[in-house]
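A.B. asks: Handing you a structure now.
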Amino acid sequence: MSTKQKTIQEEISLVGVGLHTGKKVNITFKPAPENSGFIFVRTDLEGEPHIEANANYVTSTQRGTNLEKNGVVVNTSEHVLAAVVGCDIDNIIMEIDSQEPPILDGSSKFFVEALEKSGVIEQNAVREIYEVKEIISFKDEETGSEIMIMPSDNYEITTIIDFGTKILGTQNATLKDISDFKEEIAAARTFSFLHEIEMLLDNDLIKGGDLNNAIVYVDQKLSEKTMKKLSKAFKKDSVKIKPNGILDNLTLHWANEAARHKLLDVIGDLALVGTKIKGKVIATKPGHKINTQFAKKLMKIIKIEKRNKVPQFDLSLPPLMDVEKIMSILPHRPPFLLIDRIIELSDKHVVGMKNVTMNEPFFVGHFPGAPVMPGVLQVEAMAQCGGILVLSTVPDPENYLTFFMKIDNVKFKQKVLPGDTLIFNCELIAPIRRGICHMQAYAYANNKLVTEAQLMAQIVKK
């Protein structure tokens, strides 16, 4: 798996019909900037609203994975998202002039071909990859569906399907590496059972379907009335059952094409996690509902792990600023100077350090016999670290003071004790404007996150 983010080289378009609307729809793939992710754009609506491919926007999984943001919907998103992941793309804009992408042949094949024709290119930014460290699972007790992911050297998926019908039986499919998606999975077409097709036709919900974009397994007797209904819907003179139990005019690409298509759906639905995955997925009786529920669970776990992840810094290297240099910038002095070193400094972040010793004056009263560093002083230390960042933007920092304006979302997670080494990492939430600095700050000790807060401060000339 590449370490750099990727997008497409140039825009490319496809045209087809929506499966459930039967309307002609155009989809145009366009390059996207770094860190954009996958973005749908509804060009048929006023303002061309954007909908990010995000599991939190899933509102329905009936007949596909359907997204909604601010009242704007994108239906049946899974096939095109699977193609984007299968082509190892990180950032892309997908413009559609209807509520769903074209169904084409019911697979991801033509999307993949278009993306490859456009060309996939590397970008400068490093891609984010979530590496699974332990087994994560999710089970639907009502249906028996289950998805789990475990550690692996790459992204691989196995699906096992069993619909309790003799005609389909139990099938499984495995993709050992996402680089094999085009050859082994992309052409696997969607499938349905005859009773489902009848229900969709009766409710006028499959206007764009034909026998070339859906495998239909005949799980009940094909009556004369049903045959006429299907013939009319699929624009055929007649329909018949093939010896393998599917409707005619379609030949299976693989005996386990149904399981392969379910694997395709899993890839498309897990694209909604928003990051590349390094792990092995095993999905038993998967469907869009459990797929997207699992995607939401993964997103929460990734968010928590990212927040708690301790950045690594080489404390043996000479500091960027020692305490004397710090005092030439900050107005604070002992015993209220709570930063010993600055390790890193850029225009967007700063990393500082404090050695917490028993000699700290606050330990005298906080608390006798059980010394603990006050949380308020941890926040103050983070703010002083952030002060280095904001004062470094002016040519004469010695002539300025920094004042707190706001503190939000403060959380204290671990005690800070004598002997601990505190590492502070402060990052800008927004660019510094008019001397106002808004930062996300973290404090770490003993390879754990101990404190976090959002800080806002202003620099004022003395």
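So you can find residues: chains in the structure tokens are A, B, ... in the order shown, residues in each start at 1, and ligands are numbered from 1 in order.
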Which residues are near range 34-40 of chain A? Cut-off 8 Å, only C-alpha atoms, ignore same chain within fewer than 2 positions. Put them as an mmCIF file with N, CA and C atoms, in the first residue's frame.
C.D. replies:
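What follows is the written file out-v7.cif:
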```
data_model
loop_
_atom_site.group_PDB
_atom_site.id
_atom_site.type_symbol
_atom_site.label_atom_id
_atom_site.label_comp_id
_atom_site.auth_asym_id
_atom_site.auth_seq_id
_atom_site.Cartn_x
_atom_site.Cartn_y
_atom_site.Cartn_z
ATOM 1 N N GLN A 5 -0.906 9.917 -0.606
ATOM 2 C CA GLN A 5 -2.295 10.014 -1.056
ATOM 3 C C GLN A 5 -2.350 10.047 -2.583
ATOM 4 N N LYS A 6 -3.509 9.639 -3.119
ATOM 5 C CA LYS A 6 -3.672 9.587 -4.575
ATOM 6 C C LYS A 6 -5.003 10.200 -4.982
ATOM 7 N N ALA A 32 -9.288 15.707 -6.767
ATOM 8 C CA ALA A 32 -9.601 16.443 -5.538
ATOM 9 C C ALA A 32 -8.315 16.749 -4.789
ATOM 10 N N ARG A 42 -24.063 17.027 -5.975
ATOM 11 C CA ARG A 42 -25.325 16.964 -6.725
ATOM 12 C C ARG A 42 -25.420 18.182 -7.640
ATOM 13 N N HIS A 50 -22.581 19.473 -1.549
ATOM 14 C CA HIS A 50 -21.616 18.396 -1.381
ATOM 15 C C HIS A 50 -22.106 17.424 -0.301
ATOM 16 N N ILE A 51 -21.854 16.161 -0.504
ATOM 17 C CA ILE A 51 -22.096 15.136 0.516
ATOM 18 C C ILE A 51 -20.841 14.274 0.608
ATOM 19 N N GLU A 52 -20.168 14.330 1.745
ATOM 20 C CA GLU A 52 -18.975 13.520 1.927
ATOM 21 C C GLU A 52 -19.374 12.059 2.151
ATOM 22 N N ALA A 53 -18.548 11.147 1.683
ATOM 23 C CA ALA A 53 -18.782 9.724 1.908
ATOM 24 C C ALA A 53 -18.417 9.424 3.356
ATOM 25 N N VAL A 74 -27.903 11.012 -1.622
ATOM 26 C CA VAL A 74 -27.234 10.228 -2.652
ATOM 27 C C VAL A 74 -27.531 8.768 -2.334
ATOM 28 N N ASP A 90 -7.468 8.123 -2.776
ATOM 29 C CA ASP A 90 -7.770 8.743 -1.476
ATOM 30 C C ASP A 90 -8.703 9.934 -1.593
ATOM 31 N N ASN A 91 -8.558 10.692 -2.667
ATOM 32 C CA ASN A 91 -9.291 11.950 -2.807
ATOM 33 C C ASN A 91 -9.939 12.020 -4.188
ATOM 34 N N ILE A 92 -11.238 12.256 -4.231
ATOM 35 C CA ILE A 92 -11.926 12.335 -5.519
ATOM 36 C C ILE A 92 -13.259 13.042 -5.353
ATOM 37 N N ILE A 93 -13.661 13.779 -6.383
ATOM 38 C CA ILE A 93 -14.969 14.417 -6.446
ATOM 39 C C ILE A 93 -15.810 13.651 -7.453
ATOM 40 N N MET A 94 -17.037 13.308 -7.055
ATOM 41 C CA MET A 94 -17.942 12.554 -7.930
ATOM 42 C C MET A 94 -19.207 13.378 -8.142
ATOM 43 N N GLU A 95 -19.313 14.011 -9.294
ATOM 44 C CA GLU A 95 -20.476 14.842 -9.605
ATOM 45 C C GLU A 95 -21.552 13.987 -10.262
ATOM 46 N N ILE A 96 -22.779 14.059 -9.739
ATOM 47 C CA ILE A 96 -23.902 13.346 -10.342
ATOM 48 C C ILE A 96 -25.069 14.310 -10.511
ATOM 49 N N GLN A 123 -0.078 12.196 -4.745
ATOM 50 C CA GLN A 123 -0.031 13.566 -4.247
ATOM 51 C C GLN A 123 1.082 13.666 -3.208
ATOM 52 N N ASN A 124 1.315 14.847 -2.698
ATOM 53 C CA ASN A 124 2.431 15.038 -1.767
ATOM 54 C C ASN A 124 2.117 14.578 -0.352
ATOM 55 N N ALA A 125 0.873 14.694 0.059
ATOM 56 C CA ALA A 125 0.510 14.383 1.438
ATOM 57 C C ALA A 125 0.614 12.889 1.722
ATOM 58 N N GLY A 274 -13.686 6.481 5.977
ATOM 59 C CA GLY A 274 -12.939 7.692 5.669
ATOM 60 C C GLY A 274 -11.446 7.572 5.781
#
```
A.B. asks: Go through range 242-375 of chain A and collect every residue that DSSP, computed from the backbone, puts in alpha helix (DSSP H); the answer should be as a ChimeraX atom specification.
C.D. replies: /A:257-270,288-308,323-327,375
A.B. asks: Just asking: which residues within range 215-263 of chain A are strand (DSSP E or B) according to DSSP, as a PDB file with N, CA and C atoms, in the first residue's frame?
C.D. replies:
```pdb
ATOM      1  N   ILE A 215     -28.327 -10.213 -11.376  1.00  0.00           N
ATOM      2  CA  ILE A 215     -28.534 -11.655 -11.400  1.00  0.00           C
ATOM      3  C   ILE A 215     -29.810 -11.932 -10.610  1.00  0.00           C
ATOM      4  N   VAL A 216     -30.751 -12.616 -11.213  1.00  0.00           N
ATOM      5  CA  VAL A 216     -32.015 -12.917 -10.531  1.00  0.00           C
ATOM      6  C   VAL A 216     -32.097 -14.409 -10.260  1.00  0.00           C
ATOM      7  N   TYR A 217     -32.036 -14.761  -8.977  1.00  0.00           N
ATOM      8  CA  TYR A 217     -32.167 -16.162  -8.565  1.00  0.00           C
ATOM      9  C   TYR A 217     -33.649 -16.473  -8.383  1.00  0.00           C
ATOM     10  N   ILE A 241     -35.992 -19.588 -17.156  1.00  0.00           N
ATOM     11  CA  ILE A 241     -35.062 -19.980 -16.102  1.00  0.00           C
ATOM     12  C   ILE A 241     -33.970 -20.861 -16.691  1.00  0.00           C
ATOM     13  N   ILE A 246     -31.065 -19.272 -12.514  1.00  0.00           N
ATOM     14  CA  ILE A 246     -31.149 -17.820 -12.686  1.00  0.00           C
ATOM     15  C   ILE A 246     -31.915 -17.520 -13.963  1.00  0.00           C
ATOM     16  N   LEU A 247     -32.414 -16.288 -14.049  1.00  0.00           N
ATOM     17  CA  LEU A 247     -33.118 -15.908 -15.275  1.00  0.00           C
ATOM     18  C   LEU A 247     -32.143 -15.856 -16.439  1.00  0.00           C
TER      19      LEU A 247
END
```
A.B. asks: Could you name the residues that touch Leu345 in chain A at 10 Å or less, counting only C-alpha atoms, but leaving out those on the same chain fewer than 3 positions away, as an mmCIF file with N, CA and C atoms, in the first residue's frame?
C.D. replies:
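Output saved as out_18.cif:
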```cif
data_model
loop_
_atom_site.group_PDB
_atom_site.id
_atom_site.type_symbol
_atom_site.label_atom_id
_atom_site.label_comp_id
_atom_site.auth_asym_id
_atom_site.auth_seq_id
_atom_site.Cartn_x
_atom_site.Cartn_y
_atom_site.Cartn_z
ATOM 1 N N LEU A 320 15.013 22.757 20.579
ATOM 2 C CA LEU A 320 14.938 23.918 19.691
ATOM 3 C C LEU A 320 15.068 25.195 20.508
ATOM 4 N N MET A 321 14.500 25.189 21.709
ATOM 5 C CA MET A 321 14.630 26.310 22.649
ATOM 6 C C MET A 321 14.857 25.750 24.049
ATOM 7 N N ILE A 342 11.361 23.713 24.288
ATOM 8 C CA ILE A 342 10.553 23.627 23.067
ATOM 9 C C ILE A 342 11.268 22.660 22.124
ATOM 10 N N LYS A 348 2.184 26.212 12.408
ATOM 11 C CA LYS A 348 0.891 25.652 12.755
ATOM 12 C C LYS A 348 0.896 24.848 14.048
ATOM 13 N N HIS A 349 2.075 24.518 14.582
ATOM 14 C CA HIS A 349 2.089 23.702 15.797
ATOM 15 C C HIS A 349 3.334 23.973 16.616
ATOM 16 N N VAL A 350 3.287 23.534 17.879
ATOM 17 C CA VAL A 350 4.436 23.657 18.761
ATOM 18 C C VAL A 350 4.422 22.471 19.719
ATOM 19 N N VAL A 351 5.596 21.973 20.038
ATOM 20 C CA VAL A 351 5.743 20.869 20.985
ATOM 21 C C VAL A 351 6.697 21.314 22.082
ATOM 22 N N GLY A 352 6.241 21.236 23.332
ATOM 23 C CA GLY A 352 7.074 21.642 24.463
ATOM 24 C C GLY A 352 7.162 20.552 25.511
ATOM 25 N N ILE A 388 4.273 30.342 22.939
ATOM 26 C CA ILE A 388 5.483 30.350 22.112
ATOM 27 C C ILE A 388 5.106 30.384 20.635
ATOM 28 N N LEU A 389 4.075 29.603 20.277
ATOM 29 C CA LEU A 389 3.628 29.550 18.879
ATOM 30 C C LEU A 389 3.119 30.910 18.424
ATOM 31 N N SER A 392 5.781 33.741 18.375
ATOM 32 C CA SER A 392 6.802 33.572 17.328
ATOM 33 C C SER A 392 6.381 34.221 16.022
ATOM 34 N N ASN A 425 1.570 19.198 23.063
ATOM 35 C CA ASN A 425 1.462 19.339 21.602
ATOM 36 C C ASN A 425 0.269 20.239 21.313
ATOM 37 N N CYS A 426 0.537 21.436 20.775
ATOM 38 C CA CYS A 426 -0.516 22.406 20.478
ATOM 39 C C CYS A 426 -0.570 22.653 18.976
#
```
A.B. asks: Which residue out of A:Asp97, A:Asp269, A:Asp177, A:Glu452 has the minimum interatomic distance to Phe412 in chain A when only C-alpha atoms are used?
C.D. replies: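 Smallest separation from Phe412 in chain A among the options: A:Glu452.
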A.B. asks: So the first atom is CA of Val218 in chain A and the second is CA of Leu194 in chain A; what is the distance between them in Å, to one decimal place?
C.D. replies: 5.0 Å
A.B. asks: I want to know what sits within 12 Å of Val410 in chain A, based on only C-alpha atoms, with residues of the same chain fewer than 4 positions away left out; could you give that as a PyMOL selection string?
C.D. replies: chain A and resi 375-376+378-380+382+406+440-443+450-455
A.B. asks: How many Å lie between CA of Gln384 in chain A and CA of Asp408 in chain A, rounded to one decimal?
C.D. replies: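 Distance between the two atoms: 16.3 Å.
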A.B. asks: Record the distance separating CA of Lys166 in chain A and CA of Ile103 in chain A, expressed in Å with one decimal.
C.D. replies: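 CA of Lys166 in chain A sits 27.9 Å away from CA of Ile103 in chain A.
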A.B. asks: Compile the contact shell of Thr284 in chain A as a PyMOL selection string: residues with an atom at most 8 Å away, counting only C-alpha atoms, same-chain residues fewer than 4 positions apart removed.
C.D. replies: chain A and resi 145-147+159-161
A.B. asks: Go ahead and save the residues from that selection, with C-alpha atoms, as a compact mmCIF listing (two decimals), in the first residue's frame.
C.D. replies:
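Generated file (part03.txt):
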```
# COMPACT_ATOMS: atom_id res chain seq x y z
CA SER A 145 -25.00 -11.23 10.47
CA GLU A 146 -21.53 -10.54 11.83
CA ILE A 147 -18.48 -8.56 10.76
CA THR A 159 -17.42 -12.82 2.80
CA ILE A 160 -19.66 -15.77 3.63
CA ILE A 161 -23.28 -15.69 2.49
```
A.B. asks: Which residue is closest to Thr3 in chain A? Choose from A:Glu78, A:Asp88, A:Glu68, A:Glu48 and count only C-alpha atoms.
C.D. replies: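 Nearest candidate to Thr3 in chain A out of A:Glu78, A:Asp88, A:Glu68, A:Glu48: A:Asp88.
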A.B. asks: Pick from A:Leu449, A:Ala233, A:Cys385, A:Leu298: nearest to Val273 in chain A, with only C-alpha atoms counted?
C.D. replies: A:Leu298
